[in-house]
Amino acid sequence: MAKVSPASAITILAIPVLAAVLLYQLETFDPAPFPEHELTQKGPPLFVPNKNSRLLLGSEKIGYGELPGPEWCEDGWIRRVILSDSAADSVVEKWVNTGGRPLGLAHGLHGEVIVADAVKGLLNISKDGVVELLSDEADGLKFKFTDAVDIDGDGVVYFTDASYKYNMHEGLLDLLEGRPYGRLLRYDPSTKQTQVLLKDLYIANGVAVSADHTFVIVCETPMRRCNKYYIQGPRKGSTDVFVENLPGLPDNIRYDGQGLYWIALFPDSYSWKLLKRYPFIRKVIVMMANYVKPRFNDKDGGVIAVDLEGNPTAQYYDVDASMITSGIKIGEHLYLGSLAVSYITRLNVTQYHASPAL
């Protein structure tokens, strides 16, 4: 066997290293450090007094096989679900196809439905099913990822553009780049004007008008927090934290009319904590994604309930709950939407309630 000289061995080993360095330098994706103060947890971990860690135990499947990605509406159809005491007897009807990707929905004041469509923008659908574009840009920037929507008592619409740079198919890039491209917006139907209320948000996601209509809540997914923007009173136009240090990455937030907001959570995994702190790892992930689709932990999903002041009251989650993006309590039941399954999950929270945490 021929001997390899030390110099030759070093050269052989150096070639792949140099190639990797060259590829790294040529990659145009340029992730940014998250603000250092955002990486340091503020105060003690959020204590949730009541928990149900077996969310799926006793749950039912509404519209099984008829609701492809029920928060995602991935085929463009908005469907109506007529609920029944029996999950099997619930009826799913196709209503309107927007031709885009409906995400957020809110009932208007006159029978219409306002839709945050990730592709089309902010839409109005009349009770007769006529689709009208309300807005698709603000301050000269087109919406790239219209996400969530809610309506005030006077008909004013509040909604989010998760990113003005990345569209819905590029959400992973938005998350990994670590720059704040999200916006909270206001659409006034009386003037047909769209106004930017907040910008420089890290993936502006769920939005909800407060129960007393004095502020709007908007969730920033990678920051594990939801902020409030005051729309009435002496603090009008200012912002404050509604809830932070959430035990997961917040998606949608919905008010149940009974004193609680329900926030859907993705798991705050160790791998995400690592990626958040080190931009160069995020860049490597994007480079590798050109060859191998990255996989992240999308299990351990669920929802957390917080009161009108943002104090946590209960959390429902499960190791097998995948990609939960929305949740709302109606009567005795909790309804959950997911990107990963073809049905709505329903749980009787009176029967399967959250128990005091140890």
# chains A, B, ... in the order shown; residues from 1 in each chain; ligands from 1

$ residues_around --residues "Leu198 in chain A" --least-positions-apart "2" --cutoff "6 Å" --atoms "only C-alpha atoms" --output "ChimeraX atom specification"
/A:183-184,196

$ residues_around --residues "range 309-313 of chain A" --least-positions-apart "4" --cutoff "12 Å" --atoms "only C-alpha atoms" --output "VMD selection string"
chain A and resid 45 to 52 210 to 212 215 217 225 to 228 240 to 247 253 255 259 to 263 303 to 305 353 to 357

$ select_by_dssp --residues "range 117-311 of chain A" --states "helix (DSSP H, G or I)" --output "PyMOL selection string"
chain A and resi 168-177+221-223+270-277+279-289

$ write_last_selection --atoms "N, CA, C and O atoms" --output "short mmCIF file (atom, residue, chain, number, x, y, z; two decimals), in the first residue's frame"
data_model
loop_
_atom_site.label_atom_id
_atom_site.label_comp_id
_atom_site.auth_asym_id
_atom_site.auth_seq_id
_atom_site.Cartn_x
_atom_site.Cartn_y
_atom_site.Cartn_z
N MET A 168 -45.95 33.04 1.81
CA MET A 168 -46.30 31.94 2.70
C MET A 168 -45.45 30.70 2.44
O MET A 168 -45.22 29.91 3.36
N HIS A 169 -44.97 30.53 1.22
CA HIS A 169 -44.14 29.37 0.90
C HIS A 169 -42.70 29.57 1.38
O HIS A 169 -41.92 28.62 1.36
N GLU A 170 -42.37 30.78 1.78
CA GLU A 170 -41.01 31.10 2.22
C GLU A 170 -40.97 31.41 3.71
O GLU A 170 -40.05 32.07 4.18
N GLY A 171 -41.98 30.92 4.43
CA GLY A 171 -42.06 31.22 5.85
C GLY A 171 -40.85 30.78 6.65
O GLY A 171 -40.44 31.45 7.60
N LEU A 172 -40.26 29.64 6.24
CA LEU A 172 -39.06 29.17 6.95
C LEU A 172 -37.91 30.16 6.78
O LEU A 172 -37.17 30.42 7.74
N LEU A 173 -37.77 30.72 5.60
CA LEU A 173 -36.71 31.71 5.37
C LEU A 173 -36.93 32.94 6.24
O LEU A 173 -35.98 33.52 6.78
N ASP A 174 -38.19 33.36 6.36
CA ASP A 174 -38.51 34.51 7.20
C ASP A 174 -38.10 34.24 8.64
O ASP A 174 -37.48 35.09 9.31
N LEU A 175 -38.43 33.05 9.12
CA LEU A 175 -38.09 32.68 10.49
C LEU A 175 -36.58 32.63 10.70
O LEU A 175 -36.06 33.13 11.70
N LEU A 176 -35.88 32.07 9.72
CA LEU A 176 -34.43 31.88 9.88
C LEU A 176 -33.63 33.15 9.62
O LEU A 176 -32.52 33.29 10.15
N GLU A 177 -34.16 34.07 8.83
CA GLU A 177 -33.39 35.29 8.58
C GLU A 177 -33.27 36.15 9.84
O GLU A 177 -32.25 36.79 10.06
N THR A 221 -44.34 35.66 16.57
CA THR A 221 -44.07 34.24 16.74
C THR A 221 -42.70 33.92 17.33
O THR A 221 -42.61 33.28 18.37
N PRO A 222 -41.58 34.30 16.71
CA PRO A 222 -40.28 33.88 17.25
C PRO A 222 -39.92 34.53 18.58
O PRO A 222 -39.04 34.04 19.29
N MET A 223 -40.60 35.61 18.94
CA MET A 223 -40.31 36.32 20.18
C MET A 223 -41.06 35.73 21.40
O MET A 223 -40.86 36.17 22.52
N TYR A 270 -35.42 22.94 21.80
CA TYR A 270 -34.01 23.25 22.02
C TYR A 270 -33.33 23.65 20.71
O TYR A 270 -32.51 24.57 20.68
N SER A 271 -33.71 22.97 19.62
CA SER A 271 -33.09 23.28 18.33
C SER A 271 -33.41 24.72 17.90
O SER A 271 -32.55 25.42 17.36
N TRP A 272 -34.65 25.16 18.17
CA TRP A 272 -34.99 26.54 17.82
C TRP A 272 -34.22 27.52 18.70
O TRP A 272 -33.75 28.55 18.22
N LYS A 273 -34.08 27.23 19.98
CA LYS A 273 -33.30 28.10 20.86
C LYS A 273 -31.88 28.26 20.34
O LYS A 273 -31.30 29.35 20.36
N LEU A 274 -31.32 27.16 19.84
CA LEU A 274 -29.96 27.18 19.31
C LEU A 274 -29.90 28.01 18.02
O LEU A 274 -29.01 28.87 17.86
N LEU A 275 -30.87 27.78 17.14
CA LEU A 275 -30.89 28.53 15.89
C LEU A 275 -31.09 30.02 16.13
O LEU A 275 -30.49 30.86 15.45
N LYS A 276 -31.91 30.34 17.09
CA LYS A 276 -32.19 31.75 17.37
C LYS A 276 -30.94 32.49 17.83
O LYS A 276 -30.74 33.66 17.51
N ARG A 277 -30.07 31.79 18.53
CA ARG A 277 -28.88 32.43 19.09
C ARG A 277 -27.73 32.52 18.10
O ARG A 277 -26.91 33.45 18.17
N PRO A 279 -26.72 32.84 14.20
CA PRO A 279 -27.10 33.05 12.80
C PRO A 279 -26.38 32.13 11.82
O PRO A 279 -26.97 31.73 10.81
N PHE A 280 -25.12 31.79 12.08
CA PHE A 280 -24.38 30.99 11.11
C PHE A 280 -24.99 29.60 10.97
O PHE A 280 -24.96 29.01 9.88
N ILE A 281 -25.59 29.08 12.04
CA ILE A 281 -26.25 27.77 11.94
C ILE A 281 -27.49 27.90 11.05
O ILE A 281 -27.80 27.00 10.25
N ARG A 282 -28.19 29.02 11.19
CA ARG A 282 -29.37 29.24 10.34
C ARG A 282 -28.98 29.30 8.87
O ARG A 282 -29.70 28.81 8.00
N LYS A 283 -27.83 29.90 8.60
CA LYS A 283 -27.36 29.98 7.21
C LYS A 283 -27.03 28.59 6.68
O LYS A 283 -27.38 28.26 5.53
N VAL A 284 -26.41 27.78 7.48
CA VAL A 284 -26.08 26.42 7.07
C VAL A 284 -27.35 25.61 6.80
O VAL A 284 -27.43 24.84 5.84
N ILE A 285 -28.38 25.81 7.64
CA ILE A 285 -29.65 25.12 7.44
C ILE A 285 -30.24 25.47 6.08
O ILE A 285 -30.73 24.60 5.34
N VAL A 286 -30.20 26.75 5.71
CA VAL A 286 -30.73 27.18 4.42
C VAL A 286 -29.90 26.58 3.28
O VAL A 286 -30.45 26.15 2.25
N MET A 287 -28.60 26.52 3.45
CA MET A 287 -27.75 25.91 2.42
C MET A 287 -28.10 24.44 2.25
O MET A 287 -28.22 23.95 1.12
N MET A 288 -28.28 23.75 3.35
CA MET A 288 -28.61 22.32 3.30
C MET A 288 -29.99 22.09 2.71
O MET A 288 -30.25 21.05 2.09
N ALA A 289 -30.89 23.07 2.89
CA ALA A 289 -32.27 22.92 2.40
C ALA A 289 -32.32 22.82 0.87
O ALA A 289 -33.32 22.38 0.31
#

$ atom_distance --atom1 "CA of Val341 in chain A" --atom2 "CA of Glu66 in chain A"
10.1 Å

$ select_by_dssp --residues "range 162-197 of chain A" --states "strand (DSSP E or B)" --output "PDB file with C-alpha atoms, in the first residue's frame"
ATOM      1  CA  GLY A 182     -44.063  42.008   9.890  1.00  0.00           C
ATOM      2  CA  ARG A 183     -46.739  44.710  10.203  1.00  0.00           C
ATOM      3  CA  LEU A 184     -49.981  45.359  12.073  1.00  0.00           C
ATOM      4  CA  LEU A 185     -52.471  47.224   9.877  1.00  0.00           C
ATOM      5  CA  ARG A 186     -55.835  48.939  10.074  1.00  0.00           C
ATOM      6  CA  TYR A 187     -58.426  49.098   7.300  1.00  0.00           C
ATOM      7  CA  ASP A 188     -61.241  51.628   7.631  1.00  0.00           C
ATOM      8  CA  GLN A 193     -57.805  53.483   3.578  1.00  0.00           C
ATOM      9  CA  THR A 194     -55.178  51.107   4.952  1.00  0.00           C
ATOM     10  CA  GLN A 195     -52.879  52.359   7.698  1.00  0.00           C
ATOM     11  CA  VAL A 196     -49.731  50.773   9.150  1.00  0.00           C
ATOM     12  CA  LEU A 197     -50.026  50.822  12.945  1.00  0.00           C
TER      13      LEU A 197
END

$ residues_around --residues "Val349 in chain A" --least-positions-apart "2" --cutoff "6 Å" --atoms "only C-alpha atoms" --output "short mmCIF file (atom, residue, chain, number, x, y, z; two decimals) with N, CA, C and O atoms, in the first residue's frame"
data_model
loop_
_atom_site.label_atom_id
_atom_site.label_comp_id
_atom_site.auth_asym_id
_atom_site.auth_seq_id
_atom_site.Cartn_x
_atom_site.Cartn_y
_atom_site.Cartn_z
N GLU A 332 -68.79 24.23 25.78
CA GLU A 332 -67.95 23.32 26.56
C GLU A 332 -66.78 22.77 25.76
O GLU A 332 -65.98 22.01 26.31
N HIS A 333 -66.69 23.14 24.50
CA HIS A 333 -65.71 22.49 23.62
C HIS A 333 -64.60 23.44 23.17
O HIS A 333 -64.85 24.62 22.90
N LEU A 347 -62.43 19.05 21.70
CA LEU A 347 -62.26 18.46 23.03
C LEU A 347 -63.26 19.09 23.99
O LEU A 347 -63.37 20.31 24.08
N GLN A 351 -65.32 17.93 30.51
CA GLN A 351 -65.03 16.53 30.83
C GLN A 351 -63.54 16.27 30.94
O GLN A 351 -63.08 15.55 31.84
N TYR A 352 -62.77 16.86 30.03
CA TYR A 352 -61.32 16.65 30.01
C TYR A 352 -60.64 17.99 30.35
O TYR A 352 -59.98 18.62 29.50
N HIS A 353 -60.82 18.43 31.56
CA HIS A 353 -60.34 19.75 31.96
C HIS A 353 -58.85 19.74 32.30
O HIS A 353 -58.25 18.68 32.49
#

$ residues_around --residues "range 85-95 of chain A" --least-positions-apart "6" --cutoff "7 Å" --atoms "only C-alpha atoms" --output "MDAnalysis selection string"
chainID A and resid 60:63 77:79

$ closest_residue --among "A:Pro68, A:Gly111, A:Gly206, A:Gly58" --to "Leu334 in chain A" --atoms "only C-alpha atoms"
A:Gly58

$ closest_residue --among "A:Gln315, A:Ser84, A:Ser238, A:Asn167" --to "Ser53 in chain A" --atoms "only C-alpha atoms"
A:Gln315

$ atom_distance --atom1 "CA of Lys329 in chain A" --atom2 "CA of Val218 in chain A"
19.3 Å

$ residues_around --residues "Ile151 in chain A" --least-positions-apart "4" --cutoff "8 Å" --atoms "only C-alpha atoms" --output "JSON, numbers by chain"
{"A": [106, 107, 108, 155, 156, 157, 158, 209]}

$ closest_residue --among "A:Leu56, A:Ser163, A:Ser135, A:Ile203" --to "Tyr316 in chain A" --atoms "only C-alpha atoms"
A:Leu56

$ atom_distance --atom1 "CA of Phe143 in chain A" --atom2 "CA of Glu74 in chain A"
18.5 Å

$ residues_around --residues "Thr214 in chain A" --least-positions-apart "5" --cutoff "8 Å" --atoms "only C-alpha atoms" --output "number ranges by chain"
A: 209, 230-233

$ closest_residue --among "A:Pro31, A:Gly104, A:Pro44, A:Gly76" --to "Val149 in chain A" --atoms "only C-alpha atoms"
A:Gly104

$ residues_around --residues "Val113 in chain A" --least-positions-apart "6" --cutoff "10 Å" --atoms "only C-alpha atoms" --output "list in words"
Leu105, Ala106, His107, Leu123, Asn124, Ile125, Ser126, Lys127, Gly129 and Val131 of chain A

$ write_last_selection --atoms "all heavy atoms" --output "PDB file, in the first residue's frame"
ATOM      1  N   LEU A 105     -60.023  34.552   9.376  1.00  0.00           N
ATOM      2  CA  LEU A 105     -61.416  34.865   9.081  1.00  0.00           C
ATOM      3  C   LEU A 105     -62.023  35.636  10.245  1.00  0.00           C
ATOM      4  O   LEU A 105     -61.710  35.371  11.399  1.00  0.00           O
ATOM      5  CB  LEU A 105     -62.242  33.590   8.869  1.00  0.00           C
ATOM      6  CG  LEU A 105     -61.799  32.594   7.813  1.00  0.00           C
ATOM      7  CD1 LEU A 105     -62.697  31.363   7.852  1.00  0.00           C
ATOM      8  CD2 LEU A 105     -61.839  33.225   6.431  1.00  0.00           C
ATOM      9  N   ALA A 106     -62.914  36.577   9.915  1.00  0.00           N
ATOM     10  CA  ALA A 106     -63.637  37.310  10.959  1.00  0.00           C
ATOM     11  C   ALA A 106     -65.017  37.661  10.418  1.00  0.00           C
ATOM     12  O   ALA A 106     -65.151  38.055   9.250  1.00  0.00           O
ATOM     13  CB  ALA A 106     -62.889  38.571  11.373  1.00  0.00           C
ATOM     14  N   HIS A 107     -66.030  37.525  11.252  1.00  0.00           N
ATOM     15  CA  HIS A 107     -67.392  37.870  10.847  1.00  0.00           C
ATOM     16  C   HIS A 107     -67.573  39.386  10.879  1.00  0.00           C
ATOM     17  O   HIS A 107     -67.240  40.048  11.870  1.00  0.00           O
ATOM     18  CB  HIS A 107     -68.407  37.200  11.765  1.00  0.00           C
ATOM     19  CG  HIS A 107     -68.498  35.717  11.569  1.00  0.00           C
ATOM     20  ND1 HIS A 107     -69.149  35.149  10.497  1.00  0.00           N
ATOM     21  CD2 HIS A 107     -68.005  34.685  12.301  1.00  0.00           C
ATOM     22  CE1 HIS A 107     -69.065  33.836  10.570  1.00  0.00           C
ATOM     23  NE2 HIS A 107     -68.368  33.529  11.649  1.00  0.00           N
ATOM     24  N   LEU A 123     -59.691  40.517   2.040  1.00  0.00           N
ATOM     25  CA  LEU A 123     -60.872  40.323   1.210  1.00  0.00           C
ATOM     26  C   LEU A 123     -62.151  40.504   2.019  1.00  0.00           C
ATOM     27  O   LEU A 123     -62.186  40.265   3.230  1.00  0.00           O
ATOM     28  CB  LEU A 123     -60.878  38.907   0.607  1.00  0.00           C
ATOM     29  CG  LEU A 123     -59.640  38.454  -0.168  1.00  0.00           C
ATOM     30  CD1 LEU A 123     -59.829  37.018  -0.634  1.00  0.00           C
ATOM     31  CD2 LEU A 123     -59.385  39.372  -1.358  1.00  0.00           C
ATOM     32  N   ASN A 124     -63.208  40.908   1.305  1.00  0.00           N
ATOM     33  CA  ASN A 124     -64.563  40.936   1.858  1.00  0.00           C
ATOM     34  C   ASN A 124     -65.396  39.942   1.050  1.00  0.00           C
ATOM     35  O   ASN A 124     -65.434  40.003  -0.174  1.00  0.00           O
ATOM     36  CB  ASN A 124     -65.164  42.335   1.747  1.00  0.00           C
ATOM     37  CG  ASN A 124     -66.581  42.411   2.307  1.00  0.00           C
ATOM     38  OD1 ASN A 124     -66.795  42.827   3.436  1.00  0.00           O
ATOM     39  ND2 ASN A 124     -67.567  42.014   1.506  1.00  0.00           N
ATOM     40  N   ILE A 125     -66.058  39.023   1.749  1.00  0.00           N
ATOM     41  CA  ILE A 125     -66.953  38.079   1.081  1.00  0.00           C
ATOM     42  C   ILE A 125     -68.359  38.342   1.592  1.00  0.00           C
ATOM     43  O   ILE A 125     -68.634  38.211   2.794  1.00  0.00           O
ATOM     44  CB  ILE A 125     -66.550  36.624   1.339  1.00  0.00           C
ATOM     45  CG1 ILE A 125     -65.102  36.388   0.900  1.00  0.00           C
ATOM     46  CG2 ILE A 125     -67.491  35.674   0.594  1.00  0.00           C
ATOM     47  CD1 ILE A 125     -64.617  34.969   1.105  1.00  0.00           C
ATOM     48  N   SER A 126     -69.236  38.748   0.697  1.00  0.00           N
ATOM     49  CA  SER A 126     -70.606  39.052   1.093  1.00  0.00           C
ATOM     50  C   SER A 126     -71.324  37.774   1.504  1.00  0.00           C
ATOM     51  O   SER A 126     -70.858  36.660   1.232  1.00  0.00           O
ATOM     52  CB  SER A 126     -71.351  39.715  -0.065  1.00  0.00           C
ATOM     53  OG  SER A 126     -71.627  38.763  -1.091  1.00  0.00           O
ATOM     54  N   LYS A 127     -72.471  37.935   2.146  1.00  0.00           N
ATOM     55  CA  LYS A 127     -73.230  36.756   2.575  1.00  0.00           C
ATOM     56  C   LYS A 127     -73.712  35.932   1.389  1.00  0.00           C
ATOM     57  O   LYS A 127     -74.045  34.756   1.529  1.00  0.00           O
ATOM     58  CB  LYS A 127     -74.403  37.166   3.452  1.00  0.00           C
ATOM     59  CG  LYS A 127     -75.377  38.128   2.814  1.00  0.00           C
ATOM     60  CD  LYS A 127     -76.436  38.557   3.824  1.00  0.00           C
ATOM     61  CE  LYS A 127     -77.395  39.591   3.210  1.00  0.00           C
ATOM     62  NZ  LYS A 127     -78.400  40.035   4.224  1.00  0.00           N
ATOM     63  N   GLY A 129     -71.664  35.370  -1.111  1.00  0.00           N
ATOM     64  CA  GLY A 129     -70.473  34.721  -1.650  1.00  0.00           C
ATOM     65  C   GLY A 129     -69.699  35.516  -2.670  1.00  0.00           C
ATOM     66  O   GLY A 129     -68.828  34.978  -3.359  1.00  0.00           O
ATOM     67  N   VAL A 131     -66.811  37.905  -3.753  1.00  0.00           N
ATOM     68  CA  VAL A 131     -65.484  38.226  -3.218  1.00  0.00           C
ATOM     69  C   VAL A 131     -65.044  39.599  -3.713  1.00  0.00           C
ATOM     70  O   VAL A 131     -65.083  39.883  -4.918  1.00  0.00           O
ATOM     71  CB  VAL A 131     -64.447  37.166  -3.632  1.00  0.00           C
ATOM     72  CG1 VAL A 131     -63.069  37.519  -3.071  1.00  0.00           C
ATOM     73  CG2 VAL A 131     -64.869  35.781  -3.165  1.00  0.00           C
TER      74      VAL A 131
END

$ closest_atom_pairs --of "range 179-264 of chain A" --to "range 319-323 of chain A" --cutoff "12 Å" --atoms "only C-alpha atoms" --output "JSON lines"
{"residue": "A:Gly248", "atom": "CA", "partner": "A:Met323", "partner_atom": "CA", "distance": 11.7}
{"residue": "A:Leu249", "atom": "CA", "partner": "A:Met323", "partner_atom": "CA", "distance": 10.9}
{"residue": "A:Pro250", "atom": "CA", "partner": "A:Met323", "partner_atom": "CA", "distance": 11.3}
{"residue": "A:Asp251", "atom": "CA", "partner": "A:Met323", "partner_atom": "CA", "distance": 9.9}
{"residue": "A:Asn252", "atom": "CA", "partner": "A:Met323", "partner_atom": "CA", "distance": 11.8}
{"residue": "A:Ala264", "atom": "CA", "partner": "A:Met323", "partner_atom": "CA", "distance": 9.2}
